[in-house]
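Enquirer: Have a look at the structure that comes next, please.
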Amino acid sequence: MKHTRIFFTALAAAALLSLAACQQEEAPSDSSGGAPAGVAVQVQEVKIDTISTENKVSGRVVTDGQESLFVMTNAQCTAVFVETGDTVTAGQKLCALDLASTLSSYNAANISYSSAVQSYSDQAAIFDKQIALAEKNVSDLKALFEIGAASQLEIDQAELSLQTARAQRASTLAQLEAGMQSYKSNVEQLSSVLENVDAAGNVIAPIAGTVVTLNASEGGFISASAPVAVIDGVDRMEVAVSVSEALVPKLARGDEADVSISSLGVNVVGTIKSIDLAASMQTKLYNVTVSINEDVDGLLAGMFADVSFRTDTSANAIVIPTEAILTSNGQQYVFIVEDGAARYAAITTGLTGSGVTEVTSGLEAGDQLVVVGQAYLSDGDAARIVSGEG
């Protein structure tokens with residue numbers, strides 16, 4: 001009887017050990033004690049969008065006052081639409097001038113300048129891509145050299161090609177820039193003549209207020225030495241900023257800009273009212289005045305304001321959050337999720353905006369881009385999507 005009890009006790013122990021072994025085989029092999037496998041990440045679907053480079057500069061709020069309107073040429077007046085003492089609004093026609101020849105020259109100069117700017121931009125983009133490929137070739141050859149799959153001669157030749165591409169870029173763009181500056185100078189000269197004149201030759205009131213002087217009469221001539229009109233403007237807020245010579249060619253009167261007044265916590269849209277044709281002798285910067293398009297409670301002259309000019313727009317572009325991009329050894333890259341795994345994707349980038357960057361190669365619309373957790377990934381890692389756009 002004693003031997004029987006010992007036998008059944010041993011049999012029960014063996015059964016328990018067998019059950020435990022089965023449970024161990026069925027349990028997940030995750031050392032975290034049952035937590036889901038894979039690195040937790042958030043993703044966002046890559047989409048096509050429009051991006052503009054934002055150039056932010058700081059300035060101060062000012063008020064406009066009495067303004068004299070000059071047309072820097074002699075021209076015949078063909079019509080007068082207002083009288084002395086009239087109240088006018090900004091943009092209202094005051095009189096019409098015979099400026100057909102000047103307007104034609106200005107339009108042609110603008111087309112030539114725009115073409116030169118586009119040519120410069122296109123060539124710069126081509127060279128940048130060539131240089132990026134040359135840099136990648138050098139990097140790849142150095143990696144192959146480390147494992148004995150490339151020679152030092154191949155590396156030297158690749159580095160020479162890279163130096164040649166950089167030199168060619170600098171030389172070609174310098175020539176294009178010289179031509180662009182020549183066209184720009186011509187546009188500026190004609191623009192100074194046509195300041196406050198619309199495309200039909202009408203003299204336009206730049207501010208709202210009262211016409212206190214009017215030197216235009218139908219059939220008569222106006223002179224560059226005397227104002228066409230003087231307007232006593234109502235107080236209106238503007239922002240005065242100074243911009244570099246690199247930015248000023250990309251700006252034009254009438255362009256919109258984003259204005260931020262941090263002391264009031266206000267963001268509004270403004271319009272470029274004027275651009276100085278010459279740089280300040282002291283600062284070497286160009287003064288730009290931006291009109292604020294709406295009334296802002298509490299806005300006072302002297303307050304600080306930030307102005308963001310939107311330039312170099314790219315439409316139908318791959319645009320992703322800048323924070324998703326990683327960099328290693330000069331190569332920019334991101335991670336995307338495919339079939340539950342992280343995939344390394346080398347990218348080249350273009351324009352940068354407010355928190356976003358254009359990707360010119362390496363991604364496609366619809367890719368599931370990792371926007372949180374990418375710093376913890378390696379190519380091929382299991383990835384577990386925990387939130388974000390799918």
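Ordered as shown in the structure tokens, chains take letters A, B, and onward, while each chain numbers its residues from 1 and ligands are numbered from 1 in the order shown.
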With only C-alpha atoms as the counted atoms, please give the residues lying no more than 12 Å from A:Gln152, apart from itself and same-chain residues fewer than 5 positions off, as number ranges by chain.

Expert: A: 138, 141-146, 157-159

Enquirer: Would you save the residues of that selection, restricted to N, CA and C atoms, as a PDB file, in the first residue's frame?

Expert:
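Output contents, as saved in part_13.pdb:
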```
ATOM      1  N   VAL A 138      30.908  58.531 -52.759  1.00  0.00           N
ATOM      2  CA  VAL A 138      32.128  58.549 -51.948  1.00  0.00           C
ATOM      3  C   VAL A 138      31.915  57.756 -50.654  1.00  0.00           C
ATOM      4  N   LEU A 141      31.774  53.998 -51.378  1.00  0.00           N
ATOM      5  CA  LEU A 141      33.084  53.441 -51.699  1.00  0.00           C
ATOM      6  C   LEU A 141      33.958  53.311 -50.459  1.00  0.00           C
ATOM      7  N   LYS A 142      33.857  54.274 -49.554  1.00  0.00           N
ATOM      8  CA  LYS A 142      34.624  54.180 -48.312  1.00  0.00           C
ATOM      9  C   LYS A 142      34.173  52.980 -47.485  1.00  0.00           C
ATOM     10  N   ALA A 143      32.871  52.731 -47.484  1.00  0.00           N
ATOM     11  CA  ALA A 143      32.352  51.565 -46.762  1.00  0.00           C
ATOM     12  C   ALA A 143      32.842  50.267 -47.408  1.00  0.00           C
ATOM     13  N   LEU A 144      32.852  50.240 -48.748  1.00  0.00           N
ATOM     14  CA  LEU A 144      33.345  49.060 -49.458  1.00  0.00           C
ATOM     15  C   LEU A 144      34.849  48.876 -49.250  1.00  0.00           C
ATOM     16  N   PHE A 145      35.571  49.993 -49.155  1.00  0.00           N
ATOM     17  CA  PHE A 145      37.016  49.933 -48.924  1.00  0.00           C
ATOM     18  C   PHE A 145      37.323  49.249 -47.587  1.00  0.00           C
ATOM     19  N   GLU A 146      36.483  49.507 -46.601  1.00  0.00           N
ATOM     20  CA  GLU A 146      36.689  48.934 -45.272  1.00  0.00           C
ATOM     21  C   GLU A 146      36.608  47.409 -45.285  1.00  0.00           C
ATOM     22  N   GLN A 157      39.080  58.952 -57.130  1.00  0.00           N
ATOM     23  CA  GLN A 157      38.360  59.383 -58.336  1.00  0.00           C
ATOM     24  C   GLN A 157      36.968  59.909 -57.989  1.00  0.00           C
ATOM     25  N   ALA A 158      36.284  59.229 -57.062  1.00  0.00           N
ATOM     26  CA  ALA A 158      34.951  59.671 -56.647  1.00  0.00           C
ATOM     27  C   ALA A 158      35.014  61.027 -55.949  1.00  0.00           C
ATOM     28  N   GLU A 159      36.034  61.234 -55.107  1.00  0.00           N
ATOM     29  CA  GLU A 159      36.176  62.524 -54.428  1.00  0.00           C
ATOM     30  C   GLU A 159      36.503  63.631 -55.412  1.00  0.00           C
TER      31      GLU A 159
END
```

Enquirer: Please identify all polymer residues within 6 Å of stretch 214-231 of chain A, counting only C-alpha atoms, omitting same-chain residues fewer than 4 positions from it, and present them as a ChimeraX atom specification.

Expert: /A:66-80,84,209-210

Enquirer: Can you pull out every residue within 12 Å of stretch 275-284 of chain A, counting only C-alpha atoms, but drop anything in the same chain fewer than 4 positions away, and send it as an MDAnalysis selection string?

Expert: chainID A and resid 184:193 195 240:255 271 288:291

Enquirer: The selected residues should be written to file as a PDB file, in the first residue's frame (atoms: C-alpha atoms).

Expert:
```pdb
ATOM      1  CA  LYS A 184      16.513  92.623 -61.261  1.00  0.00           C
ATOM      2  CA  SER A 185      18.126  96.049 -61.576  1.00  0.00           C
ATOM      3  CA  ASN A 186      16.092  96.754 -64.700  1.00  0.00           C
ATOM      4  CA  VAL A 187      12.873  95.685 -62.969  1.00  0.00           C
ATOM      5  CA  GLU A 188      13.670  97.872 -59.957  1.00  0.00           C
ATOM      6  CA  GLN A 189      14.281 100.934 -62.112  1.00  0.00           C
ATOM      7  CA  LEU A 190      10.970 100.514 -63.912  1.00  0.00           C
ATOM      8  CA  SER A 191       9.225  99.578 -60.666  1.00  0.00           C
ATOM      9  CA  SER A 192      10.290 102.879 -59.115  1.00  0.00           C
ATOM     10  CA  VAL A 193       8.644 104.663 -62.042  1.00  0.00           C
ATOM     11  CA  GLU A 195       5.143 102.786 -57.856  1.00  0.00           C
ATOM     12  CA  ALA A 240       8.785  97.802 -40.624  1.00  0.00           C
ATOM     13  CA  VAL A 241      11.415  95.074 -41.100  1.00  0.00           C
ATOM     14  CA  SER A 242      14.840  94.753 -42.714  1.00  0.00           C
ATOM     15  CA  VAL A 243      15.722  91.831 -44.996  1.00  0.00           C
ATOM     16  CA  SER A 244      18.914  90.516 -46.558  1.00  0.00           C
ATOM     17  CA  GLU A 245      19.979  90.839 -50.178  1.00  0.00           C
ATOM     18  CA  ALA A 246      19.338  87.097 -50.569  1.00  0.00           C
ATOM     19  CA  LEU A 247      15.672  87.468 -49.597  1.00  0.00           C
ATOM     20  CA  VAL A 248      14.722  90.791 -51.186  1.00  0.00           C
ATOM     21  CA  PRO A 249      14.686  89.486 -54.831  1.00  0.00           C
ATOM     22  CA  LYS A 250      12.022  86.980 -53.818  1.00  0.00           C
ATOM     23  CA  LEU A 251       9.635  89.635 -52.469  1.00  0.00           C
ATOM     24  CA  ALA A 252       7.209  91.837 -54.363  1.00  0.00           C
ATOM     25  CA  ARG A 253       4.722  94.560 -53.497  1.00  0.00           C
ATOM     26  CA  GLY A 254       1.315  93.020 -52.867  1.00  0.00           C
ATOM     27  CA  ASP A 255       2.660  89.678 -51.617  1.00  0.00           C
ATOM     28  CA  THR A 271       0.587  92.731 -47.364  1.00  0.00           C
ATOM     29  CA  VAL A 288      10.374  96.434 -46.185  1.00  0.00           C
ATOM     30  CA  THR A 289       7.042  97.776 -44.951  1.00  0.00           C
ATOM     31  CA  VAL A 290       4.148  95.360 -44.388  1.00  0.00           C
ATOM     32  CA  SER A 291       0.607  96.696 -44.004  1.00  0.00           C
TER      33      SER A 291
END
```

Enquirer: Atom CA of A:Thr360 and atom CA of A:Asn137, how far apart in Å?

Expert: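 About the pair atom CA of A:Asn137 and atom CA of A:Thr360: they are 18.3 Å apart.
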
Enquirer: Tell me, as a list in words, which residues lie within 8 Å of stretch 366-369 of chain A, counting only C-alpha atoms; anything in the same chain fewer than 2 positions away does not count.

Expert: Val43, Gln44, Glu45, Val46, Lys47, Ala324, Val334, Phe335, Ile336, Val337, Glu338, Leu363, Glu364, Val371 and Gly390 of chain A

Enquirer: Set the distance at 12 Å and use only C-alpha atoms: which residues neighbour A:Val239 once local chain neighbours fewer than 3 positions away are removed? I'd like the list as number ranges by chain.

Expert: A: 57-64, 236, 242, 257-261, 268-274, 287-293, 299-308

Enquirer: Between A:Gly380, A:Gly38, A:Gly353, A:Gly233, which has the minimum distance to A:Pro206 (counting only C-alpha atoms)?

Expert: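 With only C-alpha atoms as the atom set, the closest residue is A:Gly233.
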
Enquirer: Please identify the strand (DSSP E or B) residues within stretch 324-380 of chain A (assignment by DSSP from backbone atoms) and present them as number ranges by chain.

Expert: A: 326-328, 331-338, 341-346, 348-352, 356-361, 368-372

Enquirer: Let me see the file: selected residues, N, CA and C atoms, as a short mmCIF file (atom, residue, chain, number, x, y, z; two decimals), in the first residue's frame.

Expert:
```cif
data_model
loop_
_atom_site.label_atom_id
_atom_site.label_comp_id
_atom_site.auth_asym_id
_atom_site.auth_seq_id
_atom_site.Cartn_x
_atom_site.Cartn_y
_atom_site.Cartn_z
N LEU A 326 15.85 61.66 -39.64
CA LEU A 326 17.08 61.39 -38.90
C LEU A 326 18.27 61.58 -39.83
N THR A 327 19.46 61.80 -39.25
CA THR A 327 20.67 62.00 -40.04
C THR A 327 21.81 61.19 -39.46
N SER A 328 22.56 60.53 -40.35
CA SER A 328 23.74 59.77 -39.92
C SER A 328 24.79 59.86 -41.03
N GLN A 331 23.86 61.54 -44.23
CA GLN A 331 22.72 60.99 -44.97
C GLN A 331 21.44 61.17 -44.17
N GLN A 332 20.44 61.76 -44.78
CA GLN A 332 19.13 61.89 -44.14
C GLN A 332 18.31 60.64 -44.44
N TYR A 333 17.55 60.19 -43.45
CA TYR A 333 16.75 58.99 -43.64
C TYR A 333 15.54 59.01 -42.71
N VAL A 334 14.59 58.14 -43.02
CA VAL A 334 13.40 57.96 -42.19
C VAL A 334 13.12 56.47 -42.09
N PHE A 335 12.13 56.12 -41.28
CA PHE A 335 11.66 54.74 -41.22
C PHE A 335 10.19 54.71 -41.62
N ILE A 336 9.83 53.71 -42.40
CA ILE A 336 8.42 53.46 -42.71
C ILE A 336 8.09 52.06 -42.23
N VAL A 337 6.81 51.81 -42.02
CA VAL A 337 6.36 50.50 -41.54
C VAL A 337 5.70 49.75 -42.69
N GLU A 338 6.21 48.53 -42.95
CA GLU A 338 5.65 47.65 -43.97
C GLU A 338 5.48 46.25 -43.39
N ALA A 341 6.98 45.57 -39.98
CA ALA A 341 8.42 45.74 -39.79
C ALA A 341 8.85 47.14 -40.22
N ALA A 342 9.88 47.65 -39.55
CA ALA A 342 10.42 48.97 -39.88
C ALA A 342 11.38 48.83 -41.05
N ARG A 343 11.24 49.73 -42.02
CA ARG A 343 12.16 49.72 -43.17
C ARG A 343 12.88 51.05 -43.25
N TYR A 344 14.20 51.00 -43.32
CA TYR A 344 15.06 52.18 -43.49
C TYR A 344 14.87 52.74 -44.89
N ALA A 345 14.69 54.07 -44.98
CA ALA A 345 14.54 54.71 -46.30
C ALA A 345 15.41 55.95 -46.36
N ALA A 346 16.47 55.90 -47.18
CA ALA A 346 17.32 57.08 -47.40
C ALA A 346 16.55 58.09 -48.24
N THR A 348 16.29 62.34 -49.93
CA THR A 348 16.86 63.66 -50.21
C THR A 348 15.75 64.67 -50.00
N THR A 349 16.12 65.83 -49.52
CA THR A 349 15.12 66.83 -49.14
C THR A 349 15.25 68.09 -49.98
N GLY A 350 14.15 68.87 -50.01
CA GLY A 350 14.12 70.12 -50.75
C GLY A 350 13.80 71.29 -49.84
N LEU A 351 12.66 71.91 -50.07
CA LEU A 351 12.28 73.09 -49.30
C LEU A 351 11.91 72.72 -47.87
N THR A 352 12.08 73.67 -46.97
CA THR A 352 11.64 73.50 -45.59
C THR A 352 10.68 74.62 -45.24
N VAL A 356 7.79 71.45 -41.39
CA VAL A 356 7.66 70.43 -42.43
C VAL A 356 8.80 70.55 -43.43
N THR A 357 9.07 69.45 -44.15
CA THR A 357 10.15 69.41 -45.12
C THR A 357 9.69 68.68 -46.37
N GLU A 358 10.12 69.17 -47.53
CA GLU A 358 9.84 68.51 -48.80
C GLU A 358 10.83 67.36 -49.00
N VAL A 359 10.33 66.20 -49.42
CA VAL A 359 11.19 65.06 -49.73
C VAL A 359 11.15 64.86 -51.24
N THR A 360 12.32 64.99 -51.88
CA THR A 360 12.39 64.90 -53.34
C THR A 360 12.66 63.48 -53.83
N SER A 361 13.14 62.61 -52.97
CA SER A 361 13.31 61.20 -53.35
C SER A 361 13.37 60.34 -52.10
N GLN A 368 3.66 54.52 -44.85
CA GLN A 368 3.36 54.72 -43.43
C GLN A 368 4.64 55.19 -42.73
N LEU A 369 4.76 56.49 -42.57
CA LEU A 369 5.96 57.11 -42.03
C LEU A 369 5.96 57.09 -40.51
N VAL A 370 7.07 56.66 -39.91
CA VAL A 370 7.20 56.68 -38.46
C VAL A 370 7.51 58.10 -38.03
N VAL A 371 6.65 58.68 -37.19
CA VAL A 371 6.84 60.05 -36.72
C VAL A 371 7.17 60.12 -35.23
N VAL A 372 6.94 59.03 -34.50
CA VAL A 372 7.32 58.93 -33.09
C VAL A 372 7.93 57.56 -32.86
#
```

Enquirer: Report as a PyMOL selection string: the residues of stretch 93-315 of chain A with a DSSP assignment of helix (DSSP H, G or I), based on the backbone of this structure.

Expert: chain A and resi 100-146+152-193+248-250

Enquirer: Calculate how many Å separate atom CA of A:Asp295 from atom CA of A:Met237, rounding to one decimal.

Expert: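 Value for the atom CA of A:Asp295-atom CA of A:Met237 distance: 8.4 Å.
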
Enquirer: Using only C-alpha atoms, which of the listed residues (A:Gly362, A:Ala124, A:Ile385, A:Val39) sits closest to A:Ser171?

Expert: A:Ala124

Enquirer: Show which residues sit within 12 Å of A:Ile131, as a VMD selection string. Count only C-alpha atoms, and ignore same-chain residues fewer than 4 positions away.

Expert: chain A and resid 124 to 127 135 to 138 158 to 170 348

Enquirer: May I ask which of the residues A:Asp122, A:Asp98, A:Glu177, A:Glu83 is the closest one to A:Asp198, counting only C-alpha atoms?

Expert: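 Looking at the shortest contact to A:Asp198, the residue is A:Asp98.
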
Enquirer: What lies within 10 Å of A:Phe81 using only C-alpha atoms, ignoring chain neighbours under 5 positions off, as a PyMOL selection string?

Expert: chain A and resi 92-96+202-203+216-218

Enquirer: Go ahead and save the residues from that selection, with C-alpha atoms, as a compact mmCIF listing (two decimals), in the first residue's frame.

Expert:
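selection26.txt written:
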```txt
# COMPACT_ATOMS: atom_id res chain seq x y z
CA GLN A 92 -8.81 103.67 -55.05
CA LYS A 93 -8.01 105.16 -58.49
CA LEU A 94 -7.01 108.85 -58.39
CA CYS A 95 -6.20 109.51 -62.04
CA ALA A 96 -5.10 107.77 -65.25
CA ASN A 202 -4.09 104.32 -63.04
CA VAL A 203 -2.48 106.09 -60.08
CA ALA A 216 -3.32 116.14 -61.99
CA SER A 217 -5.69 117.60 -64.55
CA GLU A 218 -7.21 115.88 -67.59
```
